[in-house]
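The block underneath contains the structure these notes are about, expressed in C-alpha cells.
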Amino acid sequence: MSEVLYLGKAKSVHSTEKENELRLVYLDQATALNGKKKDEIIGKGQLNNSISSEVFRYLSSKGVAHHWIKQLSENEQLVKAVTIIPLEVVVRNIAAGSFSKRFGIKEGTILPKPILEFYYKDDALDDPFMNEDHIDYLDIATKEEVAFIKEQAFTINDCLKELFSSIGLTLVDFKLEFGRDSDGRIILADEVTPDTCRLWDDKTNKSLDKDVYRKDIGDLMSVYKEVEKRLNERKGE
Ligand code: C5P
C-alpha cells in the first residue's frame, strides 16, 4: 500500500515498496500567488508529467544527476527518494517577474550573465528572498553544498537554454529544487515544466508558460500542449 507523504500544490508524493523510490503524481491543479489563486485544470497533470519527463531524459543525456527514474503512467513518475533542501533556486537570463518588479528593470531586458537567486521554501513565510548568510544561519546547507548547487544550477541553465532554443523557445528564467539522497549526494529534484520556467516563443515573444494563468492572458492548456508538442517533435527527429 502506498502512503501519501506530501500533498503539494501541483504534485503529491507517495511511498513505494522500495524505501529509496517515490511515486510523484502530477495533479490537475494550477495555483498562483502562493496558492491564493487556484483552479482545477483537467489534463494539466498529464502534460506536466510528460514535459518534465522529457526534460529529465534530456538532462540525463547531458550527464546531469537528478531524481527522475521513469514515467509510470499519464500522471505519475517514479523518482529517487530525496530529502528536499528548502531552497528555491531561481536562475534568470532575461528580466521578468519579481526581478523586474523588485529592481525596476524593464521586462525583456537581456541580462549580461545569468543571475542566480535563493528563496527560502516556506509557504507560511511566502518563500522570502534569502542570501548565503541566511542559508548558513538557518543551517540549510554547508558553504560547499551551496557552491555545488550554484554550479549545478548554471550547468542546468546551459542545458535547458539549448533544449528550449532547439524548439523555438527562449528560456527567460526558471526555478529548481535540489534534494539529498540516502548517501547525502545532492541531486536535482522536483520538476522542470512551464509551471516552473518562463518560456517565450522566439517568433512572437508570447509566453508559453504559467504566466498565461498568473496574468490571465491566455489558455494554460493550449500553451502547455504546444510545449509538449514541440518537445515530442524534437524527440521524433
Ligand atoms: O516570480 P519570479 O519572477 O520570482 O519567478 C522566477 C521563476 O521561478 C519563474 O520561472 C517562476 O515560474 C519560477 N517560480 C516557481 N515557483 C515559485 C516561484 C517562482 O516555479 N514558488
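Residue numbering restarts at 1 in every chain; chains get A, B, ... in the order shown in the C-alpha cells, and ligands count up from 1 in that same order.
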
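Considering only C-alpha atoms and all ligand atoms, every residue of the polymer chains approaching ligand 1 to 8 Å or closer is listed here: Asn34, Glu88, Val89, Val90, Val91, Arg92, Ala96, Gly97, Ser98, Phe99, Ser100, Lys121, Asp127, Val172, Asp173, Phe174, Lys175, Leu176, Pro194, Asp195, Thr196, Cys197, Arg198, Leu199, Asp209, Lys210 and Asp211 of chain A.
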
Contacts of Leu160 of chain A within 8 Å, only C-alpha atoms, excl. fewer than 4 positions in-chain, as a ChimeraX atom specification: /A:156,164,171

Nearest to Gly8 of chain A by atom-to-atom distance, counting only C-alpha atoms, from A:Asp216, A:Asp201, A:Glu151, A:Asp190: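 Looking at the shortest contact to Gly8 of chain A, the residue is A:Asp190.
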
DSSP strand (DSSP E) selection over segment 53-211 of chain A, as a ChimeraX atom specification: /A:68-71,76-80,83-84,87-94,110-120,129-130,169-180,186-189,197-201

Grab the residues selected above and save them as a short mmCIF file (atom, residue, chain, number, x, y, z; two decimals), in the first residue's frame with N, CA and C atoms.
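File written: selection-v3.cif
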data_model
loop_
_atom_site.label_atom_id
_atom_site.label_comp_id
_atom_site.auth_asym_id
_atom_site.auth_seq_id
_atom_site.Cartn_x
_atom_site.Cartn_y
_atom_site.Cartn_z
N TRP A 68 14.70 11.80 -11.28
CA TRP A 68 13.72 11.12 -12.15
C TRP A 68 14.22 9.74 -12.60
N ILE A 69 13.39 8.74 -12.47
CA ILE A 69 13.76 7.38 -12.91
C ILE A 69 12.98 7.02 -14.18
N LYS A 70 11.66 7.10 -14.11
CA LYS A 70 10.86 6.82 -15.31
C LYS A 70 9.42 7.32 -15.14
N GLN A 71 8.76 7.44 -16.29
CA GLN A 71 7.34 7.79 -16.26
C GLN A 71 6.57 6.49 -16.03
N GLU A 76 1.82 9.91 -13.51
CA GLU A 76 2.76 9.52 -12.45
C GLU A 76 4.17 9.31 -12.96
N GLN A 77 5.12 9.59 -12.09
CA GLN A 77 6.51 9.23 -12.39
C GLN A 77 7.18 8.67 -11.15
N LEU A 78 8.18 7.82 -11.42
CA LEU A 78 8.95 7.20 -10.35
C LEU A 78 10.23 8.01 -10.18
N VAL A 79 10.54 8.37 -8.93
CA VAL A 79 11.75 9.17 -8.68
C VAL A 79 12.53 8.57 -7.52
N LYS A 80 13.82 8.97 -7.44
CA LYS A 80 14.63 8.56 -6.30
C LYS A 80 14.15 9.34 -5.08
N THR A 83 15.65 13.95 0.34
CA THR A 83 15.13 14.93 1.30
C THR A 83 15.33 16.29 0.65
N ILE A 84 14.22 16.95 0.41
CA ILE A 84 14.28 18.23 -0.30
C ILE A 84 14.97 19.29 0.57
N LEU A 87 15.17 25.17 -0.41
CA LEU A 87 15.64 26.33 -1.17
C LEU A 87 14.96 26.32 -2.53
N GLU A 88 14.52 27.48 -2.97
CA GLU A 88 14.08 27.62 -4.36
C GLU A 88 15.21 28.36 -5.05
N VAL A 89 15.81 27.70 -6.01
CA VAL A 89 16.97 28.27 -6.71
C VAL A 89 16.47 28.80 -8.05
N VAL A 90 16.50 30.12 -8.20
CA VAL A 90 16.00 30.73 -9.44
C VAL A 90 17.18 31.21 -10.26
N VAL A 91 17.17 30.89 -11.55
CA VAL A 91 18.19 31.40 -12.47
C VAL A 91 17.47 32.24 -13.52
N ARG A 92 18.03 33.43 -13.78
CA ARG A 92 17.40 34.35 -14.73
C ARG A 92 18.37 34.70 -15.86
N ASN A 93 17.85 34.63 -17.09
CA ASN A 93 18.62 35.05 -18.26
C ASN A 93 18.12 36.39 -18.80
N ILE A 94 16.85 36.64 -18.57
CA ILE A 94 16.18 37.85 -19.07
C ILE A 94 15.33 38.39 -17.91
N ILE A 110 17.75 41.83 -21.58
CA ILE A 110 18.66 40.66 -21.56
C ILE A 110 19.74 40.90 -20.52
N LEU A 111 19.97 39.95 -19.64
CA LEU A 111 20.98 40.11 -18.58
C LEU A 111 22.34 39.71 -19.15
N PRO A 112 23.39 40.48 -18.87
CA PRO A 112 24.69 40.16 -19.47
C PRO A 112 25.22 38.80 -19.05
N LYS A 113 24.91 38.38 -17.84
CA LYS A 113 25.20 36.99 -17.45
C LYS A 113 24.07 36.51 -16.55
N PRO A 114 23.86 35.20 -16.48
CA PRO A 114 22.73 34.71 -15.68
C PRO A 114 22.84 35.14 -14.22
N ILE A 115 21.70 35.44 -13.64
CA ILE A 115 21.65 35.84 -12.22
C ILE A 115 20.96 34.73 -11.43
N LEU A 116 21.60 34.32 -10.34
CA LEU A 116 21.03 33.26 -9.51
C LEU A 116 20.50 33.86 -8.20
N GLU A 117 19.33 33.42 -7.81
CA GLU A 117 18.74 33.92 -6.55
C GLU A 117 18.30 32.72 -5.71
N PHE A 118 18.34 32.92 -4.40
CA PHE A 118 17.80 31.90 -3.49
C PHE A 118 16.56 32.44 -2.79
N TYR A 119 15.59 31.57 -2.64
CA TYR A 119 14.40 31.87 -1.83
C TYR A 119 14.27 30.74 -0.82
N TYR A 120 13.79 31.09 0.37
CA TYR A 120 13.54 30.09 1.41
C TYR A 120 12.20 29.43 1.12
N PHE A 129 13.00 35.96 -0.15
CA PHE A 129 14.31 36.12 -0.79
C PHE A 129 15.36 35.87 0.29
N MET A 130 16.45 35.15 -0.01
CA MET A 130 17.48 34.96 1.02
C MET A 130 18.87 34.93 0.39
N LEU A 169 12.04 28.23 -28.35
CA LEU A 169 11.64 28.91 -27.12
C LEU A 169 12.85 29.52 -26.43
N THR A 170 12.67 30.72 -25.88
CA THR A 170 13.72 31.35 -25.10
C THR A 170 13.46 31.09 -23.63
N LEU A 171 14.49 30.58 -22.96
CA LEU A 171 14.37 30.33 -21.52
C LEU A 171 14.68 31.63 -20.78
N VAL A 172 13.64 32.25 -20.27
CA VAL A 172 13.77 33.56 -19.60
C VAL A 172 14.31 33.36 -18.18
N ASP A 173 13.64 32.48 -17.43
CA ASP A 173 14.07 32.17 -16.06
C ASP A 173 13.41 30.86 -15.62
N PHE A 174 13.84 30.34 -14.50
CA PHE A 174 13.25 29.10 -14.00
C PHE A 174 13.64 28.90 -12.54
N LYS A 175 12.93 27.96 -11.91
CA LYS A 175 13.18 27.64 -10.50
C LYS A 175 13.54 26.16 -10.38
N LEU A 176 14.57 25.88 -9.60
CA LEU A 176 14.96 24.48 -9.36
C LEU A 176 14.88 24.18 -7.87
N GLU A 177 14.72 22.89 -7.58
CA GLU A 177 14.85 22.42 -6.20
C GLU A 177 15.81 21.24 -6.20
N PHE A 178 16.58 21.15 -5.15
CA PHE A 178 17.54 20.05 -5.02
C PHE A 178 17.21 19.25 -3.77
N GLY A 179 17.68 17.99 -3.76
CA GLY A 179 17.47 17.15 -2.58
C GLY A 179 18.71 16.33 -2.29
N ARG A 180 18.77 15.79 -1.07
CA ARG A 180 19.87 14.90 -0.70
C ARG A 180 19.37 13.47 -0.75
N ILE A 186 23.82 15.50 -3.40
CA ILE A 186 22.80 16.47 -3.81
C ILE A 186 22.47 16.29 -5.29
N ILE A 187 21.18 16.11 -5.57
CA ILE A 187 20.75 15.94 -6.97
C ILE A 187 19.53 16.84 -7.24
N LEU A 188 19.34 17.14 -8.51
CA LEU A 188 18.18 17.93 -8.93
C LEU A 188 16.90 17.13 -8.62
N ALA A 189 15.88 17.81 -8.09
CA ALA A 189 14.63 17.12 -7.78
C ALA A 189 13.45 17.92 -8.33
N CYS A 197 9.15 27.38 -15.26
CA CYS A 197 10.04 28.11 -16.19
C CYS A 197 9.24 29.20 -16.89
N ARG A 198 9.91 30.31 -17.24
CA ARG A 198 9.29 31.24 -18.19
C ARG A 198 9.88 30.93 -19.56
N LEU A 199 8.99 30.69 -20.52
CA LEU A 199 9.40 30.31 -21.87
C LEU A 199 8.71 31.24 -22.86
N TRP A 200 9.50 31.97 -23.64
CA TRP A 200 8.91 32.91 -24.62
C TRP A 200 9.15 32.39 -26.02
N ASP A 201 8.09 32.42 -26.82
CA ASP A 201 8.21 31.97 -28.21
C ASP A 201 9.18 32.90 -28.96
#

Between atom CA of Tyr58 of chain A and atom CA of Cys159 of chain A - distance in Å to one decimal: 8.4 Å

DSSP-assigned helix (DSSP H, G or I) members of segment 86-222 of chain A, reported as a VMD selection string: chain A and resid 97 to 103 123 to 125 132 to 137 143 to 165 211 to 214 220 to 222
